[in-house]
>>> print(open('input-v8.cif').read())   # mmCIF, C-alpha atoms
data_input
loop_
_atom_site.label_atom_id
_atom_site.label_comp_id
_atom_site.auth_asym_id
_atom_site.auth_seq_id
_atom_site.Cartn_x
_atom_site.Cartn_y
_atom_site.Cartn_z
CA PRO A 1 253.93 19.42 149.52
CA PHE A 2 253.24 20.44 153.13
CA LEU A 3 250.19 18.18 153.30
CA ARG A 4 252.12 15.24 151.90
CA LEU A 5 254.97 15.84 154.36
CA LEU A 6 252.49 15.96 157.24
CA LEU A 7 250.88 12.76 156.00
CA TRP A 8 254.17 10.86 155.93
CA ILE A 9 255.05 12.11 159.40
CA LEU A 10 251.69 10.89 160.70
CA LEU A 11 252.15 7.51 159.05
CA LEU A 12 255.61 7.22 160.55
CA VAL A 13 254.24 7.97 164.00
CA LEU A 14 251.40 5.50 163.44
CA GLY A 15 253.84 2.79 162.43
CA THR A 16 255.89 3.46 165.55
CA VAL A 17 252.80 3.22 167.77
CA GLN A 18 251.82 -0.08 166.16
CA GLY A 19 255.33 -1.39 166.73
CA GLY A 20 255.76 -2.36 163.10
CA GLU A 21 253.30 -5.23 163.42
CA ALA A 22 251.39 -4.21 160.30
CA GLN A 23 252.40 -2.29 157.21
CA THR A 24 250.23 0.54 155.94
CA THR A 25 248.92 -0.51 152.51
CA THR A 26 248.82 1.71 149.45
CA LEU A 27 245.03 1.90 149.72
CA GLN A 28 245.19 2.88 153.37
CA ARG A 29 247.78 5.51 152.55
CA ALA A 30 245.57 6.92 149.79
CA VAL A 31 242.54 7.07 152.10
CA LEU A 32 244.50 8.83 154.81
CA GLU A 33 246.05 11.25 152.33
CA LYS A 34 242.56 12.20 151.16
CA ARG A 35 241.48 12.82 154.76
CA VAL A 36 244.47 15.05 155.42
CA ALA A 37 243.91 16.99 152.19
CA GLN A 38 240.44 17.95 153.41
CA ILE A 39 241.73 19.66 156.57
CA ASP A 40 241.39 23.42 156.86
CA PHE A 41 244.66 24.10 158.69
CA ALA A 42 243.55 27.63 159.57
CA LEU A 43 240.92 26.12 161.90
CA LEU A 44 242.85 23.06 163.08
CA ILE A 45 243.67 22.61 166.77
CA PRO A 46 247.13 20.97 166.51
CA GLU A 47 246.94 19.28 169.92
CA LEU A 48 243.78 17.41 168.89
CA PHE A 49 244.67 14.93 166.18
CA ALA A 50 244.22 11.14 166.01
CA ILE A 51 244.52 8.42 163.39
CA SER A 52 242.73 5.11 163.89
CA PRO A 53 244.95 2.02 164.31
CA ASP A 54 243.84 0.67 160.92
CA SER A 55 244.74 3.99 159.22
CA GLN A 56 241.21 4.32 157.83
CA HIS A 57 239.83 7.06 160.08
CA LEU A 58 241.00 10.53 160.98
CA ALA A 59 239.75 12.70 163.84
CA TYR A 60 240.89 16.20 164.77
CA GLY A 61 239.76 19.28 166.63
CA VAL A 62 238.52 22.42 164.90
CA ARG A 63 238.04 25.92 166.30
CA ALA A 64 235.34 28.09 164.68
CA ALA A 65 232.90 30.79 165.82
CA GLN A 66 234.25 30.68 169.39
CA LYS A 67 233.40 26.97 169.60
CA GLN A 68 235.37 23.75 169.24
CA PHE A 69 234.29 20.44 167.74
CA VAL A 70 235.74 17.17 166.48
CA MET A 71 235.83 16.30 162.79
CA LEU A 72 235.61 12.55 162.14
CA ASP A 73 236.25 11.49 158.55
CA GLY A 74 235.04 14.87 157.33
CA GLN A 75 231.90 14.93 159.47
CA ALA A 76 231.59 17.62 162.16
CA GLY A 77 230.56 16.66 165.68
CA LYS A 78 228.57 18.78 168.10
CA PRO A 79 230.24 22.11 169.01
CA TYR A 80 231.35 22.79 172.59
CA PRO A 81 233.19 25.60 174.40
CA ALA A 82 236.32 23.41 174.48
CA ILE A 83 237.59 19.95 173.52
CA LEU A 84 240.14 18.69 176.06
CA VAL A 85 243.65 17.95 174.86
CA ASP A 86 245.18 14.50 175.41
CA MET A 87 241.67 13.01 175.54
CA LEU A 88 240.97 12.22 171.88
CA GLN A 89 241.31 8.50 171.22
CA PHE A 90 240.24 5.75 168.85
CA SER A 91 239.52 2.27 170.16
CA PRO A 92 242.00 -0.50 169.25
CA ASP A 93 239.57 -1.94 166.68
CA SER A 94 239.26 1.54 165.08
CA GLN A 95 235.45 1.42 165.33
CA ARG A 96 234.93 3.75 168.30
CA LEU A 97 236.01 7.28 169.19
CA ALA A 98 236.04 9.00 172.56
CA TYR A 99 237.09 12.48 173.65
CA GLY A 100 236.73 14.86 176.57
CA VAL A 101 234.66 18.05 176.54
CA GLN A 102 234.55 21.17 178.68
CA ASP A 103 231.05 22.66 178.63
CA THR A 104 230.52 25.76 180.80
CA ARG A 105 230.98 24.46 184.38
CA GLN A 106 231.06 20.74 183.67
CA SER A 107 233.14 18.23 181.76
CA PHE A 108 232.21 14.90 180.23
CA VAL A 109 233.33 12.25 177.76
CA VAL A 110 231.71 11.91 174.36
CA LEU A 111 231.70 8.25 173.30
CA ASP A 112 230.57 7.26 169.81
CA GLY A 113 228.90 10.67 169.49
CA LYS A 114 226.96 10.43 172.76
CA ALA A 115 227.68 12.52 175.85
CA LEU A 116 228.29 10.54 179.05
CA LYS A 117 227.69 11.64 182.65
CA PRO A 118 229.03 15.14 183.43
CA TYR A 119 231.54 15.89 186.20
CA GLU A 120 233.32 18.95 187.56
CA ALA A 121 236.43 18.02 185.58
CA LEU A 122 238.13 15.10 183.85
CA GLY A 123 241.60 13.70 184.46
CA VAL A 124 243.58 14.67 181.38
CA GLY A 125 245.60 11.77 180.01
CA THR A 126 243.49 9.11 181.73
CA LEU A 127 241.07 8.04 178.99
CA ARG A 128 241.67 4.43 177.90
CA PHE A 129 239.87 1.76 175.87
CA SER A 130 240.36 -1.90 176.74
CA PRO A 131 242.31 -3.97 174.19
CA ASP A 132 239.07 -5.55 172.93
CA SER A 133 237.53 -2.05 172.53
CA ARG A 134 234.49 -2.96 174.63
CA ARG A 135 235.38 -1.10 177.82
CA LEU A 136 236.28 2.49 178.61
CA ALA A 137 237.90 4.03 181.67
CA TYR A 138 238.85 7.59 182.62
CA ALA A 139 239.29 9.75 185.72
CA ALA A 140 236.82 12.40 186.87
CA LEU A 141 236.63 15.01 189.63
CA ARG A 142 233.83 15.77 192.08
CA GLU A 143 234.07 17.78 195.31
CA ARG A 144 237.89 17.89 195.12
CA ARG A 145 238.18 14.10 194.90
CA MET A 146 239.21 12.10 191.84
CA PHE A 147 238.05 8.65 190.87
CA VAL A 148 238.09 6.35 187.88
CA VAL A 149 234.90 5.79 185.91
CA LEU A 150 234.87 2.27 184.47
CA ASP A 151 232.07 1.48 182.02
CA GLY A 152 230.03 4.21 183.69
CA ALA A 153 230.59 2.90 187.23
CA GLU A 154 232.44 5.19 189.64
CA GLN A 155 235.36 3.62 191.53
CA PRO A 156 236.59 4.70 195.02
CA PRO A 157 237.70 8.36 195.29
CA TYR A 158 241.25 9.56 196.03
CA ASP A 159 243.13 12.84 196.20
CA ALA A 160 244.28 12.33 192.61
CA ILE A 161 244.55 9.77 189.83
CA VAL A 162 247.96 9.62 188.17
CA ALA A 163 247.89 10.79 184.54
CA HIS A 164 248.68 8.14 181.91
CA SER A 165 248.47 5.37 184.51
CA VAL A 166 245.10 3.82 183.60
CA THR A 167 245.93 0.37 182.19
CA PHE A 168 243.80 -2.60 181.12
CA SER A 169 245.01 -6.19 181.08
CA PRO A 170 245.35 -7.77 177.61
CA ASP A 171 242.01 -9.56 178.01
CA GLY A 172 240.29 -6.37 179.23
CA GLN A 173 239.12 -8.01 182.44
CA ARG A 174 241.47 -6.28 184.88
CA LEU A 175 242.18 -2.58 185.43
CA ALA A 176 245.05 -0.86 187.21
CA TYR A 177 245.88 2.79 187.82
CA GLY A 178 247.95 5.01 190.07
CA ALA A 179 246.34 7.05 192.86
CA THR A 180 247.51 9.44 195.56
CA VAL A 181 246.45 10.15 199.12
CA GLY A 182 248.37 12.95 200.77
CA LYS A 183 252.03 12.52 199.84
CA GLN A 184 251.77 8.79 199.18
CA MET A 185 251.19 7.06 195.86
CA PHE A 186 250.01 3.53 195.16
CA VAL A 187 248.49 1.26 192.53
CA VAL A 188 244.82 0.31 192.56
CA LEU A 189 244.35 -3.11 190.96
CA ASN A 190 240.79 -4.31 190.38
CA GLY A 191 239.62 -1.93 193.10
CA GLN A 192 242.19 -3.17 195.63
CA GLU A 193 244.91 -0.83 196.94
CA MET A 194 248.49 -2.08 196.66
CA PRO A 195 251.32 -1.05 199.06
CA ARG A 196 251.93 2.69 199.29
CA HIS A 197 255.12 4.42 198.11
CA ASP A 198 256.62 7.89 197.93
CA ALA A 199 256.41 7.86 194.10
CA LEU A 200 255.40 5.80 191.07
CA VAL A 201 257.28 5.51 187.80
CA ALA A 202 255.32 7.24 185.02
CA GLY A 203 254.01 4.67 182.55
CA GLY A 204 255.34 1.87 184.70
CA LEU A 205 252.14 -0.17 185.11
CA ARG A 206 252.30 -3.40 183.09
CA PHE A 207 250.30 -6.60 182.82
CA GLY A 208 251.83 -9.86 181.66
CA PRO A 209 250.78 -11.36 178.29
CA GLY A 210 248.02 -13.46 179.87
CA GLY A 211 246.80 -10.64 182.09
CA ARG A 212 247.37 -12.64 185.27
CA ARG A 213 250.68 -11.11 186.29
CA PHE A 214 251.08 -7.45 187.06
CA ALA A 215 254.13 -5.27 187.68
#
>>> encode(input="input-v8.cif", output="structure tokens")
Amino acid sequence: PFLRLLLWILLLVLGTVQGGEAQTTTLQRAVLEKRVAQIDFALLIPELFAISPDSQHLAYGVRAAQKQFVMLDGQAGKPYPAILVDMLQFSPDSQRLAYGVQDTRQSFVVLDGKALKPYEALGVGTLRFSPDSRRLAYAALRERRMFVVLDGAEQPPYDAIVAHSVTFSPDGQRLAYGATVGKQMFVVLNGQEMPRHDALVAGGLRFGPGGRRFA
């Protein structure tokens, strides 16, 4: 009963995230229920849990033998000292998975099972796929400066990158995020700094439907 209750809660959350645009089918529900039933809750890391947008894939963190790793559809990934919370994410097309890892004195993103370039730390809550699932962006730290890494290319460094601010345009061609220098905050749009302010509204970065307008 507990597993079934958890499943329905997850499906409810999934439906909310999708905005009700698509209904979860009976087959999808059965597949997801099977995935959930395979979880060993004694080893589960509750903060690391993700369902793919199409409801066909399940990823979650597991703690065992003083290591942590991600389980994807019942298959265990490589173990690391720690998997970073708020950094486990499926791509919009449900075909890709990315997450952040802490390994001794360095951190890096694992994308489709492959480790990317290591940094001193990663910006928690900054990992984002583009709407077409082809591009990936996240914030990283080196020598006390933070910058966004876009498709492997490092963008200009700042004092900090605002968590949950990394945003792609609907067509995936433009990228915006919040940054700070001293006590001032501002938006960086396609590498260009916008006017500086004393604060930014969390989650307030938005592109218009065509991706041309930004607010």
>>> atom_distance(input="input-v8.cif", atom1="CA of Phe147 in chain A", atom2="CA of Pro195 in chain A")
18.4 Å
>>> atom_distance(input="input-v8.cif", atom1="CA of Asp73 in chain A", atom2="CA of Tyr60 in chain A")
9.1 Å
>>> resolve_selection(input="input-v8.cif", expression="the PyMOL selection byres ((chain A and resi 118) around 12)", output="number ranges by chain")
A: 100-110, 114-117, 119-122, 139-142, 149, 152
>>> write_last_selection(input="input-v8.cif", atoms="C-alpha atoms", output="PDB file, in the frame of the given file")
ATOM      1  CA  GLY A 100     236.730  14.860 176.570  1.00  0.00           C
ATOM      2  CA  VAL A 101     234.660  18.050 176.540  1.00  0.00           C
ATOM      3  CA  GLN A 102     234.550  21.170 178.680  1.00  0.00           C
ATOM      4  CA  ASP A 103     231.050  22.660 178.630  1.00  0.00           C
ATOM      5  CA  THR A 104     230.520  25.760 180.800  1.00  0.00           C
ATOM      6  CA  ARG A 105     230.980  24.460 184.380  1.00  0.00           C
ATOM      7  CA  GLN A 106     231.060  20.740 183.670  1.00  0.00           C
ATOM      8  CA  SER A 107     233.140  18.230 181.760  1.00  0.00           C
ATOM      9  CA  PHE A 108     232.210  14.900 180.230  1.00  0.00           C
ATOM     10  CA  VAL A 109     233.330  12.250 177.760  1.00  0.00           C
ATOM     11  CA  VAL A 110     231.710  11.910 174.360  1.00  0.00           C
ATOM     12  CA  LYS A 114     226.960  10.430 172.760  1.00  0.00           C
ATOM     13  CA  ALA A 115     227.680  12.520 175.850  1.00  0.00           C
ATOM     14  CA  LEU A 116     228.290  10.540 179.050  1.00  0.00           C
ATOM     15  CA  LYS A 117     227.690  11.640 182.650  1.00  0.00           C
ATOM     16  CA  TYR A 119     231.540  15.890 186.200  1.00  0.00           C
ATOM     17  CA  GLU A 120     233.320  18.950 187.560  1.00  0.00           C
ATOM     18  CA  ALA A 121     236.430  18.020 185.580  1.00  0.00           C
ATOM     19  CA  LEU A 122     238.130  15.100 183.850  1.00  0.00           C
ATOM     20  CA  ALA A 139     239.290   9.750 185.720  1.00  0.00           C
ATOM     21  CA  ALA A 140     236.820  12.400 186.870  1.00  0.00           C
ATOM     22  CA  LEU A 141     236.630  15.010 189.630  1.00  0.00           C
ATOM     23  CA  ARG A 142     233.830  15.770 192.080  1.00  0.00           C
ATOM     24  CA  VAL A 149     234.900   5.790 185.910  1.00  0.00           C
ATOM     25  CA  GLY A 152     230.030   4.210 183.690  1.00  0.00           C
TER      26      GLY A 152
END
>>> axis_aligned_box(input="input-v8.cif", around="range 63-75 of chain A", padding_each_side="3 Å", output="lines of an AutoDock Vina configuration file")
center_x = 235.0
center_y = 21.1
center_z = 163.5
size_x = 12.1
size_y = 25.3
size_z = 18.3
>>> atom_distance(input="input-v8.cif", atom1="CA of Gly61 in chain A", atom2="CA of Gly172 in chain A")
28.6 Å
>>> resolve_selection(input="input-v8.cif", expression="the PyMOL selection byres ((chain A and resi 76) around 12)", output="number ranges by chain")
A: 39, 58-64, 68-75, 77-80, 113
>>> residues_around(input="input-v8.cif", residues="Met194 in chain A", least_positions_apart="2", cutoff="12 Å", atoms="all atoms listed in the file", output="VMD selection string")
chain A and resid 176 to 180 184 to 192 196 to 197 200 214 to 215
>>> resolve_selection(input="input-v8.cif", expression="the PyMOL selection byres ((chain A and resi 155-170) around 8)", output="number ranges by chain")
A: 123-131, 137-139, 144-150, 153-154, 171-182, 191, 202-211
>>> residues_around(input="input-v8.cif", residues="Pro92 in chain A", least_positions_apart="5", cutoff="12 Å", atoms="only C-alpha atoms", output="MDAnalysis selection string")
chainID A and resid 17:18 51:55 97:98 128:136 170 172
>>> residues_near_point(input="input-v8.cif", point="(238.7, 29.0, 174.1)", cutoff="7 Å", atoms="only C-alpha atoms", output="ChimeraX atom specification")
/A:66,81-82
>>> build_atoms(input="input-v8.cif", residues="range 171-206 of chain A", atoms="N, CA and C atoms", output="PDB file, in the coordinates of the input")
ATOM      1  N   ASP A 171     243.349  -9.019 178.259  1.00  0.00           N
ATOM      2  CA  ASP A 171     242.010  -9.560 178.010  1.00  0.00           C
ATOM      3  C   ASP A 171     240.902  -8.582 178.386  1.00  0.00           C
ATOM      4  N   GLY A 172     241.277  -7.391 178.890  1.00  0.00           N
ATOM      5  CA  GLY A 172     240.290  -6.370 179.230  1.00  0.00           C
ATOM      6  C   GLY A 172     239.523  -6.620 180.506  1.00  0.00           C
ATOM      7  N   GLN A 173     239.876  -7.656 181.250  1.00  0.00           N
ATOM      8  CA  GLN A 173     239.120  -8.010 182.440  1.00  0.00           C
ATOM      9  C   GLN A 173     239.643  -7.364 183.713  1.00  0.00           C
ATOM     10  N   ARG A 174     240.869  -6.877 183.695  1.00  0.00           N
ATOM     11  CA  ARG A 174     241.470  -6.280 184.880  1.00  0.00           C
ATOM     12  C   ARG A 174     241.887  -4.841 184.564  1.00  0.00           C
ATOM     13  N   LEU A 175     241.831  -3.990 185.603  1.00  0.00           N
ATOM     14  CA  LEU A 175     242.180  -2.580 185.430  1.00  0.00           C
ATOM     15  C   LEU A 175     243.092  -2.139 186.567  1.00  0.00           C
ATOM     16  N   ALA A 176     244.130  -1.406 186.213  1.00  0.00           N
ATOM     17  CA  ALA A 176     245.050  -0.860 187.210  1.00  0.00           C
ATOM     18  C   ALA A 176     245.293   0.621 186.922  1.00  0.00           C
ATOM     19  N   TYR A 177     245.542   1.375 187.982  1.00  0.00           N
ATOM     20  CA  TYR A 177     245.880   2.790 187.820  1.00  0.00           C
ATOM     21  C   TYR A 177     246.567   3.300 189.080  1.00  0.00           C
ATOM     22  N   GLY A 178     247.269   4.411 188.941  1.00  0.00           N
ATOM     23  CA  GLY A 178     247.950   5.010 190.070  1.00  0.00           C
ATOM     24  C   GLY A 178     247.056   6.036 190.752  1.00  0.00           C
ATOM     25  N   ALA A 179     247.140   6.103 192.084  1.00  0.00           N
ATOM     26  CA  ALA A 179     246.340   7.050 192.860  1.00  0.00           C
ATOM     27  C   ALA A 179     247.215   7.659 193.953  1.00  0.00           C
ATOM     28  N   THR A 180     246.777   8.789 194.476  1.00  0.00           N
ATOM     29  CA  THR A 180     247.510   9.440 195.560  1.00  0.00           C
ATOM     30  C   THR A 180     246.565   9.802 196.697  1.00  0.00           C
ATOM     31  N   VAL A 181     247.115   9.684 197.912  1.00  0.00           N
ATOM     32  CA  VAL A 181     246.450  10.150 199.120  1.00  0.00           C
ATOM     33  C   VAL A 181     247.508  10.883 199.935  1.00  0.00           C
ATOM     34  N   GLY A 182     247.335  12.170 200.113  1.00  0.00           N
ATOM     35  CA  GLY A 182     248.370  12.950 200.770  1.00  0.00           C
ATOM     36  C   GLY A 182     249.633  12.941 199.939  1.00  0.00           C
ATOM     37  N   LYS A 183     250.754  12.562 200.538  1.00  0.00           N
ATOM     38  CA  LYS A 183     252.030  12.520 199.840  1.00  0.00           C
ATOM     39  C   LYS A 183     252.394  11.109 199.379  1.00  0.00           C
ATOM     40  N   GLN A 184     251.493  10.169 199.554  1.00  0.00           N
ATOM     41  CA  GLN A 184     251.770   8.790 199.180  1.00  0.00           C
ATOM     42  C   GLN A 184     251.068   8.405 197.879  1.00  0.00           C
ATOM     43  N   MET A 185     251.732   7.542 197.119  1.00  0.00           N
ATOM     44  CA  MET A 185     251.190   7.060 195.860  1.00  0.00           C
ATOM     45  C   MET A 185     251.135   5.540 195.886  1.00  0.00           C
ATOM     46  N   PHE A 186     250.171   4.979 195.172  1.00  0.00           N
ATOM     47  CA  PHE A 186     250.010   3.530 195.160  1.00  0.00           C
ATOM     48  C   PHE A 186     249.209   3.113 193.933  1.00  0.00           C
ATOM     49  N   VAL A 187     249.239   1.825 193.652  1.00  0.00           N
ATOM     50  CA  VAL A 187     248.490   1.260 192.530  1.00  0.00           C
ATOM     51  C   VAL A 187     247.183   0.678 193.041  1.00  0.00           C
ATOM     52  N   VAL A 188     246.120   0.926 192.293  1.00  0.00           N
ATOM     53  CA  VAL A 188     244.820   0.310 192.560  1.00  0.00           C
ATOM     54  C   VAL A 188     244.599  -0.741 191.484  1.00  0.00           C
ATOM     55  N   LEU A 189     244.507  -1.999 191.888  1.00  0.00           N
ATOM     56  CA  LEU A 189     244.350  -3.110 190.960  1.00  0.00           C
ATOM     57  C   LEU A 189     243.024  -3.801 191.208  1.00  0.00           C
ATOM     58  N   ASN A 190     242.130  -3.727 190.234  1.00  0.00           N
ATOM     59  CA  ASN A 190     240.790  -4.310 190.380  1.00  0.00           C
ATOM     60  C   ASN A 190     240.091  -3.813 191.639  1.00  0.00           C
ATOM     61  N   GLY A 191     240.287  -2.536 191.952  1.00  0.00           N
ATOM     62  CA  GLY A 191     239.620  -1.930 193.100  1.00  0.00           C
ATOM     63  C   GLY A 191     240.348  -2.130 194.419  1.00  0.00           C
ATOM     64  N   GLN A 192     241.449  -2.899 194.411  1.00  0.00           N
ATOM     65  CA  GLN A 192     242.190  -3.170 195.630  1.00  0.00           C
ATOM     66  C   GLN A 192     243.464  -2.324 195.671  1.00  0.00           C
ATOM     67  N   GLU A 193     243.719  -1.652 196.797  1.00  0.00           N
ATOM     68  CA  GLU A 193     244.910  -0.830 196.940  1.00  0.00           C
ATOM     69  C   GLU A 193     246.141  -1.694 197.199  1.00  0.00           C
ATOM     70  N   MET A 194     247.209  -1.412 196.467  1.00  0.00           N
ATOM     71  CA  MET A 194     248.490  -2.080 196.660  1.00  0.00           C
ATOM     72  C   MET A 194     249.316  -1.277 197.677  1.00  0.00           C
ATOM     73  N   PRO A 195     250.484  -1.781 198.099  1.00  0.00           N
ATOM     74  CA  PRO A 195     251.320  -1.050 199.060  1.00  0.00           C
ATOM     75  C   PRO A 195     251.626   0.371 198.620  1.00  0.00           C
ATOM     76  N   ARG A 196     251.700   1.280 199.574  1.00  0.00           N
ATOM     77  CA  ARG A 196     251.930   2.690 199.290  1.00  0.00           C
ATOM     78  C   ARG A 196     253.422   3.016 199.190  1.00  0.00           C
ATOM     79  N   HIS A 197     253.738   4.019 198.347  1.00  0.00           N
ATOM     80  CA  HIS A 197     255.120   4.420 198.110  1.00  0.00           C
ATOM     81  C   HIS A 197     255.193   5.951 198.073  1.00  0.00           C
ATOM     82  N   ASP A 198     256.425   6.440 198.036  1.00  0.00           N
ATOM     83  CA  ASP A 198     256.620   7.890 197.930  1.00  0.00           C
ATOM     84  C   ASP A 198     256.418   8.376 196.502  1.00  0.00           C
ATOM     85  N   ALA A 199     256.567   7.475 195.514  1.00  0.00           N
ATOM     86  CA  ALA A 199     256.410   7.860 194.100  1.00  0.00           C
ATOM     87  C   ALA A 199     256.130   6.623 193.263  1.00  0.00           C
ATOM     88  N   LEU A 200     255.607   6.854 192.064  1.00  0.00           N
ATOM     89  CA  LEU A 200     255.400   5.800 191.070  1.00  0.00           C
ATOM     90  C   LEU A 200     256.112   6.207 189.793  1.00  0.00           C
ATOM     91  N   VAL A 201     256.628   5.234 189.075  1.00  0.00           N
ATOM     92  CA  VAL A 201     257.280   5.510 187.800  1.00  0.00           C
ATOM     93  C   VAL A 201     256.220   5.755 186.736  1.00  0.00           C
ATOM     94  N   ALA A 202     256.303   6.899 186.050  1.00  0.00           N
ATOM     95  CA  ALA A 202     255.320   7.240 185.020  1.00  0.00           C
ATOM     96  C   ALA A 202     255.321   6.183 183.922  1.00  0.00           C
ATOM     97  N   GLY A 203     254.132   5.686 183.584  1.00  0.00           N
ATOM     98  CA  GLY A 203     254.010   4.670 182.550  1.00  0.00           C
ATOM     99  C   GLY A 203     254.552   3.320 182.950  1.00  0.00           C
ATOM    100  N   GLY A 204     254.710   3.097 184.250  1.00  0.00           N
ATOM    101  CA  GLY A 204     255.340   1.870 184.700  1.00  0.00           C
ATOM    102  C   GLY A 204     254.391   0.723 184.996  1.00  0.00           C
ATOM    103  N   LEU A 205     253.096   0.898 184.825  1.00  0.00           N
ATOM    104  CA  LEU A 205     252.140  -0.170 185.110  1.00  0.00           C
ATOM    105  C   LEU A 205     252.058  -1.119 183.921  1.00  0.00           C
ATOM    106  N   ARG A 206     252.282  -2.418 184.173  1.00  0.00           N
ATOM    107  CA  ARG A 206     252.300  -3.400 183.090  1.00  0.00           C
ATOM    108  C   ARG A 206     251.640  -4.705 183.535  1.00  0.00           C
TER     109      ARG A 206
END
